[in-house]
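So this one's data-v6.txt, compact mmCIF, N, CA and C atoms:
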# COMPACT_ATOMS: atom_id res chain seq x y z
N MET A 1 -64.11 -17.45 -22.34
CA MET A 1 -63.65 -16.22 -21.71
C MET A 1 -63.56 -16.46 -20.21
N THR A 2 -62.53 -15.96 -19.63
CA THR A 2 -62.34 -16.08 -18.19
C THR A 2 -62.61 -14.73 -17.54
N PRO A 3 -62.82 -14.69 -16.24
CA PRO A 3 -63.11 -13.42 -15.57
C PRO A 3 -61.94 -12.43 -15.68
N PHE A 4 -62.29 -11.16 -15.79
CA PHE A 4 -61.30 -10.09 -15.73
C PHE A 4 -61.10 -9.75 -14.26
N GLY A 5 -59.90 -9.37 -13.91
CA GLY A 5 -59.63 -8.97 -12.54
C GLY A 5 -58.16 -8.65 -12.36
N LYS A 6 -57.79 -8.30 -11.15
CA LYS A 6 -56.41 -7.93 -10.86
C LYS A 6 -55.52 -9.14 -10.66
N PHE A 7 -55.97 -10.16 -9.99
CA PHE A 7 -55.29 -11.44 -9.84
C PHE A 7 -53.80 -11.32 -9.53
N LEU A 8 -53.45 -10.57 -8.52
CA LEU A 8 -52.05 -10.40 -8.14
C LEU A 8 -51.36 -11.72 -7.84
N GLU A 9 -52.09 -12.67 -7.28
CA GLU A 9 -51.50 -13.94 -6.87
C GLU A 9 -51.39 -14.95 -8.02
N ARG A 10 -51.91 -14.61 -9.20
CA ARG A 10 -51.92 -15.56 -10.32
C ARG A 10 -50.93 -15.12 -11.39
N SER A 11 -50.28 -16.08 -12.01
CA SER A 11 -49.30 -15.79 -13.06
C SER A 11 -49.96 -15.81 -14.44
N VAL A 12 -49.21 -15.36 -15.44
CA VAL A 12 -49.67 -15.45 -16.82
C VAL A 12 -49.90 -16.92 -17.18
N LYS A 13 -49.05 -17.80 -16.68
CA LYS A 13 -49.23 -19.24 -16.93
C LYS A 13 -50.55 -19.73 -16.35
N ASP A 14 -50.88 -19.28 -15.15
CA ASP A 14 -52.15 -19.68 -14.51
C ASP A 14 -53.34 -19.19 -15.34
N LEU A 15 -53.29 -17.94 -15.75
CA LEU A 15 -54.39 -17.36 -16.52
C LEU A 15 -54.51 -18.04 -17.89
N THR A 16 -53.38 -18.36 -18.49
CA THR A 16 -53.39 -19.08 -19.78
C THR A 16 -54.04 -20.44 -19.61
N ARG A 17 -53.64 -21.16 -18.55
CA ARG A 17 -54.20 -22.48 -18.30
C ARG A 17 -55.73 -22.41 -18.17
N ASP A 18 -56.23 -21.44 -17.41
CA ASP A 18 -57.68 -21.29 -17.24
C ASP A 18 -58.38 -21.11 -18.59
N ALA A 19 -57.84 -20.21 -19.41
CA ALA A 19 -58.47 -19.91 -20.70
C ALA A 19 -58.40 -21.11 -21.65
N VAL A 20 -57.23 -21.72 -21.74
CA VAL A 20 -57.04 -22.84 -22.66
C VAL A 20 -57.89 -24.04 -22.24
N MET A 21 -57.89 -24.36 -20.96
CA MET A 21 -58.68 -25.52 -20.51
C MET A 21 -60.17 -25.30 -20.76
N ALA A 22 -60.64 -24.07 -20.55
CA ALA A 22 -62.05 -23.77 -20.81
C ALA A 22 -62.36 -23.90 -22.30
N ALA A 23 -61.46 -23.38 -23.15
CA ALA A 23 -61.68 -23.45 -24.60
C ALA A 23 -61.66 -24.89 -25.09
N LEU A 24 -60.69 -25.67 -24.61
CA LEU A 24 -60.62 -27.07 -25.02
C LEU A 24 -61.85 -27.84 -24.54
N GLY A 25 -62.30 -27.54 -23.32
CA GLY A 25 -63.51 -28.18 -22.81
C GLY A 25 -64.73 -27.85 -23.65
N ASP A 26 -64.87 -26.57 -24.03
CA ASP A 26 -65.99 -26.17 -24.89
C ASP A 26 -65.93 -26.86 -26.24
N ALA A 27 -64.72 -27.05 -26.76
CA ALA A 27 -64.54 -27.66 -28.08
C ALA A 27 -64.58 -29.18 -28.03
N GLY A 28 -64.52 -29.74 -26.82
CA GLY A 28 -64.50 -31.19 -26.68
C GLY A 28 -63.24 -31.82 -27.26
N CYS A 29 -62.10 -31.14 -27.03
CA CYS A 29 -60.86 -31.67 -27.56
C CYS A 29 -59.76 -31.63 -26.52
N GLU A 30 -58.73 -32.42 -26.76
CA GLU A 30 -57.57 -32.50 -25.87
C GLU A 30 -56.44 -31.66 -26.44
N HIS A 31 -55.53 -31.22 -25.58
CA HIS A 31 -54.44 -30.39 -26.09
C HIS A 31 -53.53 -31.14 -27.06
N ALA A 32 -53.51 -32.45 -27.00
CA ALA A 32 -52.71 -33.23 -27.94
C ALA A 32 -53.24 -33.13 -29.37
N GLU A 33 -54.48 -32.71 -29.54
CA GLU A 33 -55.06 -32.57 -30.87
C GLU A 33 -54.70 -31.24 -31.52
N LEU A 34 -54.17 -30.29 -30.76
CA LEU A 34 -53.83 -28.98 -31.31
C LEU A 34 -52.73 -29.10 -32.34
N GLN A 35 -52.86 -28.35 -33.42
CA GLN A 35 -51.86 -28.34 -34.48
C GLN A 35 -51.20 -26.97 -34.63
N SER A 36 -51.78 -25.96 -34.02
CA SER A 36 -51.25 -24.60 -34.12
C SER A 36 -51.85 -23.77 -32.99
N VAL A 37 -51.03 -22.89 -32.43
CA VAL A 37 -51.53 -21.96 -31.40
C VAL A 37 -51.13 -20.55 -31.81
N HIS A 38 -52.06 -19.63 -31.63
CA HIS A 38 -51.83 -18.21 -31.87
C HIS A 38 -52.07 -17.53 -30.52
N PHE A 39 -50.98 -17.11 -29.90
CA PHE A 39 -50.98 -16.60 -28.52
C PHE A 39 -50.82 -15.09 -28.53
N SER A 40 -51.80 -14.40 -27.96
CA SER A 40 -51.72 -12.94 -27.95
C SER A 40 -51.47 -12.41 -26.55
N ASN A 41 -50.62 -11.40 -26.50
CA ASN A 41 -50.23 -10.78 -25.24
C ASN A 41 -49.56 -9.47 -25.58
N ALA A 42 -49.99 -8.40 -24.95
CA ALA A 42 -49.43 -7.09 -25.27
C ALA A 42 -48.45 -6.56 -24.23
N CYS A 43 -48.58 -6.93 -22.98
CA CYS A 43 -47.83 -6.23 -21.93
C CYS A 43 -46.87 -7.08 -21.12
N GLN A 44 -46.79 -8.37 -21.35
CA GLN A 44 -45.93 -9.20 -20.52
C GLN A 44 -44.46 -8.82 -20.65
N GLY A 45 -44.05 -8.42 -21.83
CA GLY A 45 -42.67 -7.99 -22.00
C GLY A 45 -42.34 -6.81 -21.10
N HIS A 46 -43.22 -5.83 -21.09
CA HIS A 46 -43.01 -4.64 -20.26
C HIS A 46 -43.12 -4.97 -18.78
N MET A 47 -44.13 -5.72 -18.41
CA MET A 47 -44.41 -5.96 -17.00
C MET A 47 -43.48 -6.99 -16.37
N GLN A 48 -43.06 -8.01 -17.14
CA GLN A 48 -42.31 -9.12 -16.58
C GLN A 48 -40.94 -9.31 -17.21
N GLY A 49 -40.74 -8.72 -18.38
CA GLY A 49 -39.49 -8.94 -19.09
C GLY A 49 -39.49 -10.20 -19.94
N GLN A 50 -40.62 -10.89 -20.02
CA GLN A 50 -40.71 -12.10 -20.85
C GLN A 50 -40.99 -11.69 -22.29
N GLU A 51 -40.03 -11.85 -23.14
CA GLU A 51 -40.15 -11.45 -24.53
C GLU A 51 -40.02 -12.66 -25.45
N LEU A 52 -40.26 -12.45 -26.69
CA LEU A 52 -39.98 -13.36 -27.80
C LEU A 52 -40.78 -14.67 -27.81
N ILE A 53 -40.83 -15.39 -26.72
CA ILE A 53 -41.46 -16.72 -26.71
C ILE A 53 -42.53 -16.80 -25.61
N ARG A 54 -43.32 -15.77 -25.51
CA ARG A 54 -44.33 -15.71 -24.44
C ARG A 54 -45.29 -16.90 -24.49
N GLY A 55 -45.81 -17.18 -25.66
CA GLY A 55 -46.75 -18.29 -25.79
C GLY A 55 -46.14 -19.63 -25.49
N GLU A 56 -44.93 -19.86 -26.02
CA GLU A 56 -44.26 -21.13 -25.78
C GLU A 56 -44.06 -21.38 -24.29
N ILE A 57 -43.66 -20.34 -23.56
CA ILE A 57 -43.43 -20.48 -22.12
C ILE A 57 -44.74 -20.75 -21.38
N ALA A 58 -45.78 -19.98 -21.68
CA ALA A 58 -47.06 -20.16 -20.99
C ALA A 58 -47.69 -21.51 -21.29
N LEU A 59 -47.58 -21.97 -22.53
CA LEU A 59 -48.21 -23.21 -22.94
C LEU A 59 -47.43 -24.45 -22.52
N ARG A 60 -46.11 -24.35 -22.54
CA ARG A 60 -45.28 -25.50 -22.15
C ARG A 60 -45.59 -25.93 -20.72
N ALA A 61 -45.93 -24.96 -19.86
CA ALA A 61 -46.25 -25.27 -18.46
C ALA A 61 -47.46 -26.20 -18.34
N MET A 62 -48.28 -26.25 -19.40
CA MET A 62 -49.43 -27.15 -19.36
C MET A 62 -49.30 -28.30 -20.36
N GLY A 63 -48.08 -28.53 -20.85
CA GLY A 63 -47.83 -29.68 -21.70
C GLY A 63 -48.06 -29.46 -23.18
N ILE A 64 -48.31 -28.24 -23.58
CA ILE A 64 -48.50 -27.96 -25.01
C ILE A 64 -47.17 -27.50 -25.57
N GLN A 65 -46.60 -28.34 -26.43
CA GLN A 65 -45.32 -28.01 -27.05
C GLN A 65 -45.14 -28.87 -28.30
N GLY A 66 -44.14 -28.54 -29.09
CA GLY A 66 -43.86 -29.32 -30.29
C GLY A 66 -44.76 -28.99 -31.47
N ILE A 67 -45.54 -27.91 -31.37
CA ILE A 67 -46.37 -27.45 -32.47
C ILE A 67 -46.06 -25.97 -32.71
N PRO A 68 -46.40 -25.46 -33.88
CA PRO A 68 -46.14 -24.04 -34.14
C PRO A 68 -46.93 -23.14 -33.19
N VAL A 69 -46.23 -22.16 -32.64
CA VAL A 69 -46.85 -21.14 -31.80
C VAL A 69 -46.52 -19.79 -32.42
N THR A 70 -47.54 -19.04 -32.77
CA THR A 70 -47.36 -17.69 -33.28
C THR A 70 -47.67 -16.73 -32.15
N ASN A 71 -46.70 -15.91 -31.78
CA ASN A 71 -46.90 -14.91 -30.74
C ASN A 71 -47.34 -13.61 -31.39
N VAL A 72 -48.44 -13.05 -30.87
CA VAL A 72 -49.03 -11.86 -31.46
C VAL A 72 -49.04 -10.73 -30.45
N GLU A 73 -48.52 -9.58 -30.84
CA GLU A 73 -48.63 -8.36 -30.04
C GLU A 73 -49.12 -7.28 -30.98
N ASN A 74 -50.34 -6.85 -30.75
CA ASN A 74 -50.96 -5.84 -31.60
C ASN A 74 -51.85 -4.94 -30.76
N ALA A 75 -51.31 -4.50 -29.61
CA ALA A 75 -52.02 -3.62 -28.68
C ALA A 75 -53.40 -4.19 -28.37
N CYS A 76 -54.41 -3.37 -28.42
CA CYS A 76 -55.76 -3.81 -28.05
C CYS A 76 -56.37 -4.77 -29.06
N ALA A 77 -55.75 -4.92 -30.22
CA ALA A 77 -56.25 -5.86 -31.23
C ALA A 77 -55.48 -7.18 -31.20
N SER A 78 -54.70 -7.43 -30.16
CA SER A 78 -53.88 -8.64 -30.11
C SER A 78 -54.72 -9.90 -30.20
N ALA A 79 -55.75 -10.02 -29.41
CA ALA A 79 -56.55 -11.26 -29.40
C ALA A 79 -57.28 -11.46 -30.71
N SER A 80 -57.84 -10.40 -31.28
CA SER A 80 -58.54 -10.57 -32.56
C SER A 80 -57.55 -10.90 -33.67
N THR A 81 -56.32 -10.40 -33.58
CA THR A 81 -55.30 -10.75 -34.56
C THR A 81 -54.90 -12.22 -34.42
N ALA A 82 -54.82 -12.72 -33.19
CA ALA A 82 -54.54 -14.14 -32.97
C ALA A 82 -55.67 -15.00 -33.55
N LEU A 83 -56.90 -14.59 -33.31
CA LEU A 83 -58.04 -15.32 -33.86
C LEU A 83 -57.98 -15.34 -35.38
N HIS A 84 -57.66 -14.21 -35.98
CA HIS A 84 -57.53 -14.13 -37.43
C HIS A 84 -56.45 -15.10 -37.92
N GLY A 85 -55.32 -15.16 -37.22
CA GLY A 85 -54.25 -16.08 -37.60
C GLY A 85 -54.69 -17.53 -37.53
N ALA A 86 -55.42 -17.88 -36.48
CA ALA A 86 -55.91 -19.25 -36.34
C ALA A 86 -56.89 -19.60 -37.46
N ILE A 87 -57.77 -18.65 -37.79
CA ILE A 87 -58.72 -18.87 -38.88
C ILE A 87 -57.98 -19.06 -40.21
N GLN A 88 -56.98 -18.23 -40.45
CA GLN A 88 -56.21 -18.36 -41.70
C GLN A 88 -55.47 -19.70 -41.77
N PHE A 89 -54.95 -20.16 -40.64
CA PHE A 89 -54.30 -21.48 -40.58
C PHE A 89 -55.28 -22.57 -41.03
N LEU A 90 -56.49 -22.51 -40.52
CA LEU A 90 -57.51 -23.50 -40.85
C LEU A 90 -57.97 -23.37 -42.30
N ARG A 91 -58.25 -22.14 -42.73
CA ARG A 91 -58.70 -21.93 -44.12
C ARG A 91 -57.65 -22.33 -45.14
N ALA A 92 -56.39 -22.17 -44.79
CA ALA A 92 -55.31 -22.55 -45.71
C ALA A 92 -55.13 -24.05 -45.79
N GLY A 93 -55.85 -24.78 -44.95
CA GLY A 93 -55.75 -26.23 -44.95
C GLY A 93 -54.48 -26.75 -44.32
N MET A 94 -53.85 -25.93 -43.47
CA MET A 94 -52.60 -26.33 -42.84
C MET A 94 -52.82 -27.29 -41.68
N GLY A 95 -54.06 -27.41 -41.24
CA GLY A 95 -54.41 -28.29 -40.14
C GLY A 95 -55.90 -28.20 -39.88
N GLU A 96 -56.35 -28.96 -38.90
CA GLU A 96 -57.77 -29.00 -38.59
C GLU A 96 -58.11 -28.46 -37.21
N VAL A 97 -57.09 -28.28 -36.35
CA VAL A 97 -57.36 -27.81 -34.99
C VAL A 97 -56.35 -26.71 -34.64
N ALA A 98 -56.86 -25.52 -34.42
CA ALA A 98 -56.01 -24.38 -34.05
C ALA A 98 -56.61 -23.71 -32.82
N LEU A 99 -55.75 -23.13 -32.03
CA LEU A 99 -56.17 -22.44 -30.81
C LEU A 99 -55.72 -20.99 -30.89
N ALA A 100 -56.63 -20.08 -30.58
CA ALA A 100 -56.28 -18.67 -30.40
C ALA A 100 -56.53 -18.35 -28.93
N VAL A 101 -55.54 -17.78 -28.28
CA VAL A 101 -55.69 -17.46 -26.86
C VAL A 101 -55.07 -16.09 -26.61
N GLY A 102 -55.75 -15.30 -25.80
CA GLY A 102 -55.24 -13.99 -25.42
C GLY A 102 -55.17 -13.88 -23.91
N VAL A 103 -53.99 -13.52 -23.41
CA VAL A 103 -53.79 -13.40 -21.97
C VAL A 103 -52.93 -12.17 -21.71
N ASP A 104 -53.37 -11.33 -20.80
CA ASP A 104 -52.54 -10.20 -20.38
C ASP A 104 -52.71 -9.99 -18.90
N LYS A 105 -51.66 -9.54 -18.29
CA LYS A 105 -51.66 -9.25 -16.86
C LYS A 105 -50.97 -7.91 -16.69
N MET A 106 -51.78 -6.88 -16.56
CA MET A 106 -51.24 -5.53 -16.51
C MET A 106 -51.22 -4.94 -15.12
N TYR A 107 -51.97 -5.51 -14.21
CA TYR A 107 -52.08 -4.91 -12.88
C TYR A 107 -50.82 -5.21 -12.07
N SER A 108 -50.35 -4.20 -11.35
CA SER A 108 -49.19 -4.34 -10.50
C SER A 108 -49.34 -3.40 -9.31
N THR A 109 -48.73 -3.76 -8.21
CA THR A 109 -48.71 -2.84 -7.06
C THR A 109 -47.79 -1.66 -7.34
N ASP A 110 -46.92 -1.81 -8.32
CA ASP A 110 -46.06 -0.71 -8.78
C ASP A 110 -46.84 0.08 -9.81
N ARG A 111 -47.56 1.09 -9.33
CA ARG A 111 -48.46 1.84 -10.20
C ARG A 111 -47.73 2.57 -11.32
N ALA A 112 -46.53 3.06 -11.05
CA ALA A 112 -45.76 3.75 -12.09
C ALA A 112 -45.45 2.78 -13.23
N LYS A 113 -45.02 1.58 -12.89
CA LYS A 113 -44.72 0.58 -13.91
C LYS A 113 -45.98 0.20 -14.68
N MET A 114 -47.07 0.02 -13.94
CA MET A 114 -48.33 -0.37 -14.56
C MET A 114 -48.77 0.67 -15.60
N PHE A 115 -48.79 1.92 -15.22
CA PHE A 115 -49.25 2.96 -16.13
C PHE A 115 -48.23 3.25 -17.22
N SER A 116 -46.95 2.97 -16.97
CA SER A 116 -45.95 3.21 -18.00
C SER A 116 -46.07 2.22 -19.16
N ALA A 117 -46.83 1.16 -18.99
CA ALA A 117 -47.06 0.23 -20.09
C ALA A 117 -47.68 0.95 -21.28
N PHE A 118 -48.41 2.01 -21.02
CA PHE A 118 -49.07 2.76 -22.09
C PHE A 118 -48.15 3.77 -22.76
N ASP A 119 -47.00 4.06 -22.16
CA ASP A 119 -46.09 5.06 -22.72
C ASP A 119 -45.56 4.68 -24.09
N SER A 120 -45.44 3.41 -24.35
CA SER A 120 -44.93 2.99 -25.65
C SER A 120 -46.07 2.70 -26.63
N GLY A 121 -47.28 3.02 -26.25
CA GLY A 121 -48.44 2.79 -27.10
C GLY A 121 -48.70 3.90 -28.09
N TRP A 122 -47.74 4.77 -28.24
CA TRP A 122 -47.80 5.79 -29.30
C TRP A 122 -46.38 6.03 -29.78
N ASP A 123 -46.21 6.92 -30.71
CA ASP A 123 -44.90 7.13 -31.33
C ASP A 123 -43.91 7.70 -30.32
N VAL A 124 -42.94 6.89 -29.92
CA VAL A 124 -41.98 7.33 -28.90
C VAL A 124 -41.03 8.40 -29.43
N GLU A 125 -40.87 8.47 -30.75
CA GLU A 125 -39.99 9.50 -31.32
C GLU A 125 -40.61 10.89 -31.28
N THR A 126 -41.93 10.94 -31.12
CA THR A 126 -42.61 12.24 -31.05
C THR A 126 -43.35 12.38 -29.73
N ALA A 127 -42.79 11.81 -28.67
CA ALA A 127 -43.47 11.75 -27.37
C ALA A 127 -43.95 13.11 -26.88
N GLU A 128 -43.16 14.15 -27.08
CA GLU A 128 -43.56 15.48 -26.60
C GLU A 128 -44.76 16.03 -27.35
N ASP A 129 -44.92 15.66 -28.61
CA ASP A 129 -46.02 16.17 -29.43
C ASP A 129 -47.27 15.31 -29.35
N ASN A 130 -47.15 14.10 -28.87
CA ASN A 130 -48.29 13.18 -28.87
C ASN A 130 -49.52 13.69 -28.13
N PRO A 131 -49.39 14.25 -26.91
CA PRO A 131 -50.60 14.72 -26.24
C PRO A 131 -51.34 15.80 -27.02
N ARG A 132 -50.58 16.70 -27.64
CA ARG A 132 -51.23 17.75 -28.45
C ARG A 132 -51.92 17.15 -29.66
N ALA A 133 -51.26 16.20 -30.32
CA ALA A 133 -51.84 15.57 -31.50
C ALA A 133 -53.10 14.79 -31.13
N ALA A 134 -53.09 14.14 -30.00
CA ALA A 134 -54.26 13.37 -29.57
C ALA A 134 -55.45 14.26 -29.22
N ALA A 135 -55.16 15.49 -28.77
CA ALA A 135 -56.22 16.40 -28.35
C ALA A 135 -56.82 17.19 -29.52
N ARG A 136 -56.16 17.18 -30.68
CA ARG A 136 -56.67 17.93 -31.84
C ARG A 136 -57.97 17.36 -32.32
N PRO A 137 -58.93 18.25 -32.63
CA PRO A 137 -60.19 17.76 -33.23
C PRO A 137 -59.91 17.19 -34.62
N ARG A 138 -60.64 16.18 -34.96
CA ARG A 138 -60.44 15.53 -36.28
C ARG A 138 -61.53 15.89 -37.22
Take the structure in the file and write it out as structure tokens.
Amino acid sequence: MTPFGKFLERSVKDLTRDAVMAALGDAGCEHAELQSVHFSNACQGHMQGQELIRGEIALRAMGIQGIPVTNVENACASASTALHGAIQFLRAGMGEVALAVGVDKMYSTDRAKMFSAFDSGWDVETAEDNPRAAARPR
């Protein structure tokens, strides 16, 4: 785990590198040994416009390529879903070394953009009713 913070001067690639290098160091393995990566990220599409191949882009910058990368977006459960995918890869006997990594960069000096990341975190077709539904006692 790497420190949480605003890190305005650091990119998603920088944050990914920190997390991956720490994980590989803890595991005593090199990135060339990786057989599968499960990359989780919930907000980069909204904040940066980087869609579809978020993991491939972040990992390629550090020389990790040519292996399957599963990109996971599952809101606050993104990282645990990536971990689940990596575990399933290993349990299925598809390989012996898998990496699960979660990286998000939500902070921005554009506060409207930053907070608008949450606007799509509920049913956009019922946007007007969502606040009332959320406030109802269960």
With a cut-off of 7 Å, could you pull out the residues of stretch 57-123 of chain A touching stretch 12-19 of chain A and give me the nearest pair of atoms for each, distance in Å to one decimal, using only N, CA and C atoms, ordered by chain and ascending number, as a Markdown table?
| residue | atom | partner | partner_atom | distance |
| --- | --- | --- | --- | --- |
| A:Ile57 | C | A:Lys13 | CA | 6.5 |
| A:Ala58 | CA | A:Lys13 | CA | 4.7 |
| A:Leu59 | N | A:Lys13 | CA | 6.4 |
| A:Ala61 | CA | A:Lys13 | CA | 6.9 |
| A:Met62 | CA | A:Arg17 | CA | 6.8 |
| A:Val101 | CA | A:Ala19 | C | 6.9 |
| A:Gly102 | C | A:Thr16 | CA | 6.9 |
| A:Val103 | CA | A:Thr16 | N | 6.1 |
| A:Asp104 | C | A:Val12 | CA | 6.6 |
| A:Lys105 | N | A:Val12 | CA | 6.4 |
- Message: Show me, as a ChimeraX atom specification, the residues that have an atom within 8 Å of stretch 70-84 of chain A when counting only C-alpha atoms, minus same-chain residues fewer than 5 positions from it.
- Response: /A:36-42,52-55,99-102,121
- Query: Do you have the atom N of A:Thr109-atom C of A:Leu8 distance handy?
  - Reply: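 Answer for the atom N of A:Thr109 to atom C of A:Leu8 separation: 8.4 Å.
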- Query: Excluding same-chain residues fewer than 2 positions from A:Glu33, what lies within 12 Å of it counting only C-alpha atoms, as an NGL selection string?
  - Reply: :A and (24 or 27-31 or 35-37 or 64-67 or 95-99)
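Pairwise distance (atom CA of A:Met94, atom CA of A:Ala32) equals 16.4 Å.
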- Item | Atomic distance atom C of A:Arg10 - atom C of A:Gln44, expressed in Å with one decimal |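 Computed distance, atom C of A:Arg10 to atom C of A:Gln44, equals 12.9 Å.
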- Message: My list of candidates is A:Ala86, A:Asp110, A:Ala133, A:Asp119. Which is closest to A:Pro68 when distances are computed with only C-alpha atoms?
- Response: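 Closest residue, counting only C-alpha atoms: A:Ala86.
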- In terms of only N, CA and C atoms, the residue from A:Met114, A:Ala23, A:Met47, A:Pro131 at minimal distance from A:Met1 is A:Ala23
- Task: Determine which residues of chain A receive a DSSP assignment of strand (DSSP E or B), computed from the backbone, and state them as a PyMOL selection string.
- Result: chain A and resi 36-40+69-72+74+76+98-102
